[in-house]
>>> print(open('protein_38.cif').read())   # mmCIF, C-alpha atoms
data_input
#
loop_
_atom_site.label_atom_id
_atom_site.label_comp_id
_atom_site.auth_asym_id
_atom_site.auth_seq_id
_atom_site.Cartn_x
_atom_site.Cartn_y
_atom_site.Cartn_z
CA MET A 942 -20.91 -91.53 71.28
CA HIS A 943 -22.27 -91.23 74.80
CA ASP A 944 -25.44 -93.01 75.60
CA GLU A 945 -27.88 -93.01 78.49
CA PRO A 946 -27.85 -96.48 80.07
CA ASP A 947 -31.66 -96.38 80.22
CA ASP A 948 -31.81 -95.76 76.48
CA THR A 949 -29.55 -98.73 75.80
CA GLU A 950 -31.71 -100.95 78.00
CA LEU A 951 -34.91 -99.84 76.33
CA GLU A 952 -33.43 -100.35 72.86
CA GLU A 953 -32.21 -103.81 73.87
CA GLU A 954 -35.66 -104.68 75.15
CA LEU A 955 -37.17 -103.52 71.85
CA ARG A 956 -34.62 -105.69 70.07
CA ARG A 957 -35.73 -108.76 72.03
CA VAL A 958 -39.41 -108.06 71.35
CA ALA A 959 -38.76 -107.41 67.65
CA ALA A 960 -36.73 -110.62 67.35
CA LEU A 961 -39.70 -112.45 68.83
CA LEU A 962 -42.52 -110.71 66.96
CA ASN A 963 -40.83 -109.94 63.68
CA PRO A 964 -37.95 -112.36 63.16
CA VAL A 965 -36.24 -112.90 59.81
CA PRO A 966 -38.13 -115.93 58.41
CA GLY A 967 -35.97 -119.04 58.51
CA VAL A 968 -36.59 -119.79 54.85
CA LEU A 969 -35.16 -116.39 53.94
CA LEU A 970 -32.07 -116.89 56.10
CA GLN A 971 -31.53 -120.15 54.24
CA ALA A 972 -31.99 -118.37 50.89
CA ALA A 973 -29.42 -115.75 51.91
CA VAL A 974 -26.91 -118.47 52.77
CA GLU A 975 -27.58 -120.22 49.45
CA ALA A 976 -27.20 -116.96 47.50
CA PHE A 977 -23.45 -117.55 47.78
CA THR A 978 -23.69 -120.59 45.49
CA TRP A 979 -24.76 -118.31 42.62
CA ARG A 980 -21.55 -116.32 42.89
CA THR A 981 -19.48 -116.24 39.72
CA VAL A 982 -15.78 -115.53 39.70
CA ASP A 983 -14.52 -115.01 36.15
CA GLU A 984 -17.52 -113.40 34.47
CA ASP A 985 -17.75 -109.71 33.75
CA LEU A 986 -20.50 -108.12 35.81
CA ALA A 987 -22.97 -106.02 33.84
CA GLU A 988 -24.42 -103.59 36.35
CA LEU A 989 -27.97 -102.32 36.33
CA VAL A 990 -27.71 -98.84 34.82
CA PHE A 991 -31.32 -98.11 33.95
CA ASP A 992 -34.68 -99.15 35.33
CA SER A 993 -37.86 -97.57 34.00
CA LEU A 994 -39.50 -98.23 37.39
CA VAL A 995 -37.32 -95.70 39.17
CA ASP A 996 -36.38 -93.48 36.25
CA HIS A 997 -39.50 -91.34 36.31
CA GLN A 998 -38.95 -89.58 32.99
CA ALA A 999 -38.66 -92.87 31.18
CA ALA A 1000 -41.65 -94.27 33.03
CA LEU A 1001 -43.73 -91.32 31.91
CA VAL A 1002 -42.58 -91.69 28.32
CA ARG A 1003 -43.36 -95.38 28.25
CA GLY A 1004 -46.64 -94.84 30.00
CA SER A 1005 -47.23 -98.44 30.97
CA GLN A 1006 -47.17 -99.73 34.51
CA ASP A 1007 -47.05 -103.34 33.41
CA ARG A 1008 -43.97 -103.08 31.18
CA ARG A 1009 -40.59 -102.43 32.66
CA LEU A 1010 -37.35 -101.72 30.82
CA LEU A 1011 -34.06 -102.71 32.41
CA SER A 1012 -30.60 -102.00 31.06
CA PHE A 1013 -27.32 -103.61 32.14
CA HIS A 1014 -23.88 -102.52 31.03
CA THR A 1015 -20.25 -103.55 31.21
CA GLY A 1016 -17.38 -102.50 28.93
CA ASP A 1017 -18.87 -102.49 25.44
CA VAL A 1018 -21.57 -105.07 26.19
CA SER A 1019 -25.12 -104.06 26.96
CA ILE A 1020 -28.13 -106.20 27.79
CA GLU A 1021 -31.59 -104.70 27.66
CA ILE A 1022 -34.70 -106.50 28.77
CA GLU A 1023 -38.35 -105.62 28.76
CA VAL A 1024 -40.42 -107.35 31.40
CA THR A 1025 -44.19 -107.73 31.20
CA ARG A 1026 -46.16 -108.60 34.32
CA THR A 1027 -49.27 -110.74 34.54
CA GLY A 1028 -50.06 -111.41 38.18
CA ARG A 1029 -47.00 -113.20 39.56
CA SER A 1030 -45.99 -114.37 36.06
CA ARG A 1031 -43.36 -112.54 34.01
CA ALA A 1032 -42.54 -112.51 30.29
CA LEU A 1033 -39.22 -111.18 29.10
CA ILE A 1034 -37.87 -109.90 25.78
CA GLY A 1035 -34.15 -109.20 25.60
CA GLN A 1036 -31.60 -107.61 23.31
CA LEU A 1037 -27.88 -108.15 23.53
CA GLY A 1038 -25.62 -105.36 22.29
CA PRO A 1039 -23.69 -105.26 20.11
CA PRO A 1040 -26.13 -107.51 18.19
CA GLN A 1041 -24.75 -111.01 17.93
CA PRO A 1042 -25.80 -114.60 18.59
CA ALA A 1043 -25.38 -115.73 22.17
CA SER A 1044 -26.30 -118.36 24.68
CA VAL A 1045 -28.40 -116.82 27.44
CA GLU A 1046 -29.04 -118.36 30.83
CA ILE A 1047 -31.78 -116.90 32.99
CA ARG A 1048 -30.65 -117.55 36.55
CA HIS A 1049 -33.65 -117.84 38.79
CA ARG A 1050 -34.14 -119.02 42.34
CA THR A 1051 -35.69 -122.24 41.10
CA GLY A 1052 -32.85 -122.93 38.67
CA LEU A 1053 -31.77 -122.07 35.16
CA VAL A 1054 -33.58 -121.42 31.89
CA THR A 1055 -31.22 -121.68 28.92
CA LEU A 1056 -32.01 -119.86 25.66
CA GLU A 1057 -30.31 -119.11 22.38
CA SER A 1058 -30.58 -115.61 21.01
CA ASP A 1059 -31.15 -115.05 17.31
CA ALA A 1060 -28.39 -113.74 15.03
CA LEU A 1061 -29.23 -110.17 16.08
CA GLY A 1062 -28.91 -110.90 19.79
CA ARG A 1063 -32.65 -111.01 20.50
CA PHE A 1064 -34.13 -113.50 22.93
CA SER A 1065 -37.35 -114.04 24.86
CA ALA A 1066 -38.83 -116.12 27.64
CA ASP A 1067 -42.23 -116.32 29.24
CA SER A 1068 -43.97 -117.94 32.17
CA LEU A 1069 -41.16 -116.93 34.54
CA ARG A 1070 -42.14 -116.64 38.19
CA ALA A 1071 -41.82 -113.23 39.80
CA GLY A 1072 -38.67 -112.89 41.89
CA PRO A 1073 -34.95 -112.26 41.56
CA ILE A 1074 -33.26 -113.05 38.23
CA SER A 1075 -29.86 -112.57 36.69
CA LEU A 1076 -28.81 -113.25 33.10
CA ARG A 1077 -25.61 -114.95 32.08
CA CYS A 1078 -24.73 -114.40 28.45
CA ARG A 1079 -21.97 -115.98 26.42
CA SER A 1080 -21.67 -114.52 22.95
CA GLY A 1081 -20.26 -115.86 19.70
CA PRO A 1082 -21.56 -118.32 17.13
CA VAL A 1083 -20.68 -121.28 19.36
CA ALA A 1084 -21.04 -119.39 22.65
CA ASP A 1085 -17.29 -119.32 23.16
CA GLY A 1086 -16.94 -115.59 23.76
CA PRO A 1087 -16.45 -113.98 27.15
CA ALA A 1088 -19.27 -114.55 29.63
CA VAL A 1089 -21.16 -111.68 31.17
CA VAL A 1090 -23.52 -111.85 34.14
CA THR A 1091 -26.00 -109.15 35.05
CA ASP A 1092 -26.80 -107.76 38.46
CA TRP A 1093 -29.61 -109.60 40.21
CA VAL A 1094 -32.88 -107.78 39.98
CA SER A 1095 -36.34 -108.66 41.20
CA ILE A 1096 -38.86 -108.80 38.36
CA MET B 1414 -28.08 -112.23 71.69
CA ARG B 1415 -25.39 -109.78 72.72
CA SER B 1416 -25.15 -108.65 76.31
CA GLN B 1417 -26.09 -105.12 77.14
CA ARG B 1418 -23.49 -102.42 77.28
CA ALA B 1419 -23.72 -98.73 77.89
CA ASP B 1420 -21.67 -97.87 74.83
CA ARG B 1421 -23.17 -98.46 71.41
CA GLU B 1422 -19.76 -98.97 69.82
CA ASP B 1423 -19.45 -102.07 72.00
CA VAL B 1424 -22.82 -103.57 71.11
CA ALA B 1425 -22.79 -102.70 67.40
CA VAL B 1426 -21.07 -105.00 64.96
CA ASP B 1427 -17.33 -104.53 64.67
CA PRO B 1428 -16.21 -103.10 61.29
CA ASP B 1429 -12.83 -104.86 61.45
CA GLU B 1430 -14.46 -108.28 61.85
CA THR B 1431 -16.90 -107.38 59.09
CA GLY B 1432 -14.00 -106.50 56.80
CA LEU B 1433 -12.32 -109.84 57.50
CA LEU B 1434 -15.54 -111.77 56.82
CA THR B 1435 -16.16 -109.85 53.61
CA ARG B 1436 -12.66 -110.44 52.27
CA ALA B 1437 -12.81 -114.12 53.20
CA ALA B 1438 -16.21 -114.54 51.52
CA ALA B 1439 -14.89 -112.76 48.42
CA GLY B 1440 -12.18 -115.41 48.36
CA GLY B 1441 -14.79 -118.17 48.34
CA ASP B 1442 -15.13 -118.91 52.08
CA ALA B 1443 -18.74 -120.08 52.54
CA ALA B 1444 -18.48 -120.01 56.35
CA ALA B 1445 -17.48 -116.34 56.19
CA TRP B 1446 -20.49 -115.68 53.94
CA GLN B 1447 -22.71 -117.36 56.49
CA GLY B 1448 -21.15 -115.10 59.12
CA LEU B 1449 -22.18 -112.07 57.04
CA VAL B 1450 -25.71 -113.46 56.70
CA GLU B 1451 -25.96 -113.91 60.48
CA ARG B 1452 -24.56 -110.47 61.08
CA PHE B 1453 -26.66 -108.46 58.63
CA SER B 1454 -29.89 -110.37 57.92
CA GLY B 1455 -31.66 -108.54 60.75
CA LEU B 1456 -30.58 -105.20 59.31
CA VAL B 1457 -31.67 -106.06 55.74
CA TRP B 1458 -34.99 -107.41 57.02
CA SER B 1459 -35.63 -104.27 59.07
CA VAL B 1460 -35.13 -102.16 55.94
CA THR B 1461 -37.61 -104.21 53.87
CA ARG B 1462 -40.12 -103.94 56.73
CA ARG B 1463 -40.07 -100.15 56.48
CA TYR B 1464 -41.81 -100.15 53.15
CA ARG B 1465 -45.11 -101.88 53.86
CA LEU B 1466 -44.31 -104.52 51.27
CA GLY B 1467 -46.41 -107.65 51.04
CA ALA B 1468 -44.80 -110.87 52.21
CA ALA B 1469 -43.81 -111.97 48.67
CA ASP B 1470 -42.30 -108.59 47.77
CA ALA B 1471 -40.41 -108.34 51.07
CA ALA B 1472 -39.00 -111.83 50.49
CA ASP B 1473 -37.97 -110.88 46.92
CA VAL B 1474 -36.20 -107.72 48.11
CA PHE B 1475 -34.42 -109.63 50.87
CA GLN B 1476 -33.22 -112.33 48.48
CA THR B 1477 -32.28 -109.90 45.71
CA THR B 1478 -30.15 -107.93 48.18
CA TRP B 1479 -28.13 -111.01 49.17
CA LEU B 1480 -27.84 -112.29 45.60
CA ARG B 1481 -26.63 -108.84 44.55
CA LEU B 1482 -23.97 -108.97 47.24
CA ALA B 1483 -22.85 -112.44 46.13
CA GLU B 1484 -21.93 -111.00 42.71
CA HIS B 1485 -20.48 -107.76 44.09
CA ILE B 1486 -18.58 -109.06 47.08
CA GLY B 1487 -15.20 -109.08 45.35
CA ARG B 1488 -15.79 -105.54 44.12
CA ILE B 1489 -16.91 -103.82 47.33
CA GLU B 1490 -14.78 -100.74 47.79
CA ASN B 1491 -14.82 -100.78 51.61
CA PRO B 1492 -15.27 -104.37 52.82
CA GLU B 1493 -15.62 -103.23 56.44
CA TYR B 1494 -18.72 -101.25 55.45
CA VAL B 1495 -20.54 -104.07 53.69
CA GLY B 1496 -23.39 -103.60 56.20
CA ALA B 1497 -23.93 -100.09 54.90
CA TRP B 1498 -23.73 -101.43 51.32
CA LEU B 1499 -26.42 -104.00 52.14
CA ALA B 1500 -28.61 -101.39 53.82
CA THR B 1501 -28.37 -99.08 50.79
CA THR B 1502 -29.08 -101.93 48.37
CA ALA B 1503 -32.06 -103.12 50.42
CA ARG B 1504 -33.44 -99.57 50.53
CA HIS B 1505 -33.11 -99.13 46.75
CA GLU B 1506 -34.63 -102.55 46.03
CA SER B 1507 -37.49 -101.82 48.43
CA LEU B 1508 -38.19 -98.59 46.57
CA ARG B 1509 -38.29 -100.51 43.28
CA ALA B 1510 -40.75 -102.96 44.82
CA VAL B 1511 -42.90 -100.09 46.06
CA GLN B 1512 -42.86 -98.59 42.57
CA ALA B 1513 -43.68 -101.93 40.98
CA ALA B 1514 -46.64 -102.34 43.30
CA THR B 1515 -47.54 -98.70 42.48
CA ARG B 1516 -48.07 -98.00 46.11
CA ILE B 1517 -47.42 -94.53 47.44
CA LEU B 1518 -45.84 -94.31 50.85
CA PRO B 1519 -46.31 -91.14 52.90
CA THR B 1520 -43.55 -91.87 55.39
CA ASP B 1521 -44.76 -89.36 57.97
CA ASP B 1522 -48.06 -91.14 58.47
CA ALA B 1523 -47.87 -93.24 61.61
CA ALA B 1524 -51.09 -95.06 60.86
CA ILE B 1525 -49.83 -96.25 57.48
CA LEU B 1526 -46.51 -97.31 58.95
CA ASP B 1527 -48.29 -99.57 61.41
CA HIS B 1528 -46.99 -102.83 60.03
CA SER B 1529 -49.25 -105.03 62.08
CA HIS B 1530 -51.79 -105.46 59.29
CA THR B 1531 -49.15 -106.95 56.99
CA ASP B 1532 -48.15 -109.58 59.51
CA ASP B 1533 -49.82 -112.95 59.20
CA TYR B 1534 -48.87 -113.58 62.77
CA SER B 1535 -50.40 -111.34 65.40
CA PRO B 1536 -48.14 -110.01 68.15
CA GLU B 1537 -50.50 -111.39 70.75
CA LEU B 1538 -50.30 -114.88 69.27
CA ALA B 1539 -46.52 -114.73 68.98
CA VAL B 1540 -46.21 -113.65 72.58
CA LEU B 1541 -48.45 -116.49 73.72
CA ASP B 1542 -46.35 -118.92 71.73
CA ALA B 1543 -43.23 -117.67 73.43
CA GLU B 1544 -44.31 -118.54 76.95
CA GLN B 1545 -41.02 -120.25 77.54
CA ALA B 1546 -39.02 -117.23 76.45
CA VAL B 1547 -37.41 -115.09 79.10
CA LEU B 1548 -39.76 -112.27 78.34
CA ASP B 1549 -42.67 -110.72 80.15
CA SER B 1550 -45.38 -111.18 77.53
CA ASP B 1551 -47.63 -108.46 78.90
CA ARG B 1552 -44.74 -106.05 79.01
CA ALA B 1553 -43.72 -107.08 75.46
CA ALA B 1554 -47.22 -106.53 74.13
CA ARG B 1555 -47.40 -103.10 75.73
CA LEU B 1556 -43.97 -102.16 74.41
CA TRP B 1557 -44.91 -103.27 70.88
CA CYS B 1558 -48.17 -101.37 71.12
CA ALA B 1559 -46.42 -98.23 72.38
CA PHE B 1560 -43.86 -98.54 69.58
CA HIS B 1561 -46.63 -98.58 66.96
CA GLN B 1562 -48.13 -95.41 68.46
CA LEU B 1563 -44.94 -93.44 67.81
CA SER B 1564 -44.59 -91.07 64.86
CA GLY B 1565 -43.63 -92.63 61.53
CA ARG B 1566 -40.15 -91.11 61.78
CA CYS B 1567 -39.56 -92.63 65.21
CA GLN B 1568 -40.89 -96.02 64.15
CA GLU B 1569 -38.63 -96.01 61.10
CA LEU B 1570 -35.52 -95.17 63.08
CA LEU B 1571 -36.19 -97.54 65.97
CA ALA B 1572 -37.19 -100.38 63.63
CA VAL B 1573 -33.73 -100.26 62.06
CA LEU B 1574 -31.88 -99.64 65.34
CA MET B 1575 -33.51 -102.68 66.93
CA ALA B 1576 -32.37 -105.10 64.24
CA SER B 1577 -30.45 -108.11 65.58
CA PRO B 1578 -27.52 -107.90 65.93
CA PRO B 1579 -27.43 -104.11 66.46
CA PRO B 1580 -26.33 -102.17 63.36
CA ASN B 1581 -23.82 -99.36 63.73
CA TYR B 1582 -24.82 -95.77 63.00
CA LEU B 1583 -23.31 -95.74 59.52
CA GLU B 1584 -25.45 -98.72 58.56
CA VAL B 1585 -28.51 -97.09 60.11
CA ALA B 1586 -27.76 -93.89 58.19
CA GLU B 1587 -27.59 -95.81 54.90
CA ALA B 1588 -30.75 -97.76 55.70
CA LEU B 1589 -32.73 -94.59 56.34
CA ASP B 1590 -30.88 -92.21 54.03
CA MET B 1591 -30.36 -89.75 56.89
CA PRO B 1592 -27.23 -87.99 58.20
CA VAL B 1593 -25.19 -90.00 60.72
CA GLY B 1594 -25.09 -86.99 63.04
CA SER B 1595 -28.85 -86.81 63.44
CA ILE B 1596 -29.30 -90.45 64.48
CA GLY B 1597 -28.11 -90.09 68.09
CA PRO B 1598 -30.32 -87.11 69.00
CA THR B 1599 -33.36 -88.52 67.13
CA ARG B 1600 -32.90 -91.89 68.81
CA ALA B 1601 -32.79 -90.26 72.27
CA ARG B 1602 -35.96 -88.28 71.51
CA CYS B 1603 -37.80 -91.31 70.11
CA LEU B 1604 -36.86 -93.54 73.04
CA GLN B 1605 -38.08 -90.80 75.40
CA ARG B 1606 -41.42 -90.70 73.52
CA LEU B 1607 -41.63 -94.46 73.76
CA ARG B 1608 -41.03 -94.28 77.49
CA GLU B 1609 -43.77 -91.66 77.82
CA ARG B 1610 -46.19 -93.84 75.85
CA LEU B 1611 -45.47 -96.77 78.13
CA MET B 1612 -45.98 -94.66 81.22
CA SER B 1613 -49.28 -93.32 79.93
CA GLN B 1614 -50.53 -96.87 79.32
CA GLN B 1615 -49.88 -97.97 82.88
CA PRO B 1616 -48.98 -95.01 85.07
CA ASP B 1617 -48.65 -97.15 88.20
CA VAL B 1618 -45.98 -99.43 86.80
CA VAL B 1619 -42.42 -98.42 87.61
CA TRP B 1620 -40.12 -98.60 84.61
CA HIS B 1621 -37.69 -101.47 84.57
CA SER B 1622 -36.32 -103.89 82.03
CA PRO B 1623 -37.16 -107.51 82.78
CA GLY B 1624 -34.38 -110.01 82.76
CA ASN B 1625 -31.52 -107.57 83.01
CA GLU B 1626 -30.62 -107.78 86.63
#
>>> encode(input="protein_38.cif", output="structure tokens")
Amino acid sequence: MHDEPDDTELEEELRRVAALLNPVPGVLLQAAVEAFTWRTVDEDLAELVFDSLVDHQAALVRGSQDRRLLSFHTGDVSIEIEVTRTGRSRALIGQLGPPQPASVEIRHRTGLVTLESDALGRFSADSLRAGPISLRCRSGPVADGPAVVTDWVSI
Amino acid sequence: MRSQRADREDVAVDPDETGLLTRAAAGGDAAAWQGLVERFSGLVWSVTRRYRLGAADAADVFQTTWLRLAEHIGRIENPEYVGAWLATTARHESLRAVQAATRILPTDDAAILDHSHTDDYSPELAVLDAEQAVLDSDRAARLWCAFHQLSGRCQELLAVLMASPPPNYLEVAEALDMPVGSIGPTRARCLQRLRERLMSQQPDVVWHSPGNE
């Protein structure tokens, strides 16, 4: 790709000004570095396969701007959550599929919230702060089944 | 900051090095992960800035993008293109945040894409604070002002191109969801417009870049 030297100089100058006027906040750089500590190695990853926010048909059907349905999937495990917003506070109702008891960790930037689902795989949490979350679920009566983590998603 | 070169392939981040860092981080190397953060934070940030998100939403998108990568890093199909993966993820997460905030974004509206009102920190103040920097503050202010007078399309493209360190064209294409082939010509046109804006602000000033010689 050929490039006019003047263009390169002007772009470089813009880069210096942007780095000065609109730098990546230091606290976010630190958060990006620390994101690595949340990495899991052995868990199955349940990817985000459905989000009512960006699936317009579903959003129209549900008709509520304050409730959001998210669906994660891997192999034959699915995790569905419904998130309700109140300001910067979030409440969450979840359903593990196939229905079964499980231990559920809500991974959040301020730490972990650990829950037990009921026998049908239902769980709930409230007073969560808005921001990125991921769920880590371990199924079975004594939570000894395979562990599944979901994609991170900002709620 | 990288030195200036005439050829973009020299200034843009090297895909081979990126591939090595990605594979090392996937193997648990925290220093390699930090290398990826240093390499691509500017790109991810520039994408979140496109969408007129509030400070909290922009921070959430930025963090979600890196957390998402932490879980996916061992599964990335082309480790050398992790920058493009990050740009795509940041774009999708930004769109979710826009939807969640139920804001509509007409991307061709230059006035709406003027980000200055979302910044807590005014350009003028930042420039004053940077008196020690090797930067002509008056020139910087005029350049920033001229940049914000460009069309929305030009601002979008240049905002991503001027991330630090410089992204390559594939990453820019993913960030903006535009064909790689159209980036070069659009960039040349937008930089020309920027130059014209600068000239029209101060017609008696001869164009030069401070600090290059």
>>> closest_residue(input="protein_38.cif", among="B:Thr1478, B:Thr1435, B:Gln1614, B:Asn1491", to="Ser1454 in chain B", atoms="all atoms listed in the file")
B:Thr1478
>>> closest_residue(input="protein_38.cif", among="A:Val1018, A:Gly1028, A:Gly1086, A:Asp1067", to="Ser1044 in chain A", atoms="only C-alpha atoms")
A:Gly1086
>>> resolve_selection(input="protein_38.cif", expression="the PyMOL selection byres ((chain B) within 6 of (chain A))", output="PyMOL selection string")
chain B and resi 1419+1447+1473+1477+1479-1481+1483-1484+1536+1575
>>> resolve_selection(input="protein_38.cif", expression="the PyMOL selection byres ((chain A and resi 1017) around 12)", output="tab-separated table (two decimals) with C-alpha atoms, keeping the file's coordinate frame")
chain	number	residue	atom	x	y	z
A	985	ASP	CA	-17.75	-109.71	33.75
A	986	LEU	CA	-20.50	-108.12	35.81
A	987	ALA	CA	-22.97	-106.02	33.84
A	1013	PHE	CA	-27.32	-103.61	32.14
A	1014	HIS	CA	-23.88	-102.52	31.03
A	1015	THR	CA	-20.25	-103.55	31.21
A	1016	GLY	CA	-17.38	-102.50	28.93
A	1018	VAL	CA	-21.57	-105.07	26.19
A	1019	SER	CA	-25.12	-104.06	26.96
A	1020	ILE	CA	-28.13	-106.20	27.79
A	1037	LEU	CA	-27.88	-108.15	23.53
A	1038	GLY	CA	-25.62	-105.36	22.29
A	1039	PRO	CA	-23.69	-105.26	20.11
A	1040	PRO	CA	-26.13	-107.51	18.19
A	1087	PRO	CA	-16.45	-113.98	27.15
A	1089	VAL	CA	-21.16	-111.68	31.17
>>> residues_near_point(input="protein_38.cif", point="(-38.4, -107.5, 32.1)", cutoff="7 Å", atoms="all atoms listed in the file", output="PyMOL selection string")
chain A and resi 1009-1011+1022-1025+1032-1034+1096
>>> atom_distance(input="protein_38.cif", atom1="CA of Arg1555 in chain B", atom2="CA of Leu1611 in chain B")
7.0 Å
>>> closest_residue(input="protein_38.cif", among="A:Val990, A:Val1045, A:Val1054, A:Ala1066", to="Arg1079 in chain A", atoms="all atoms listed in the file")
A:Val1045
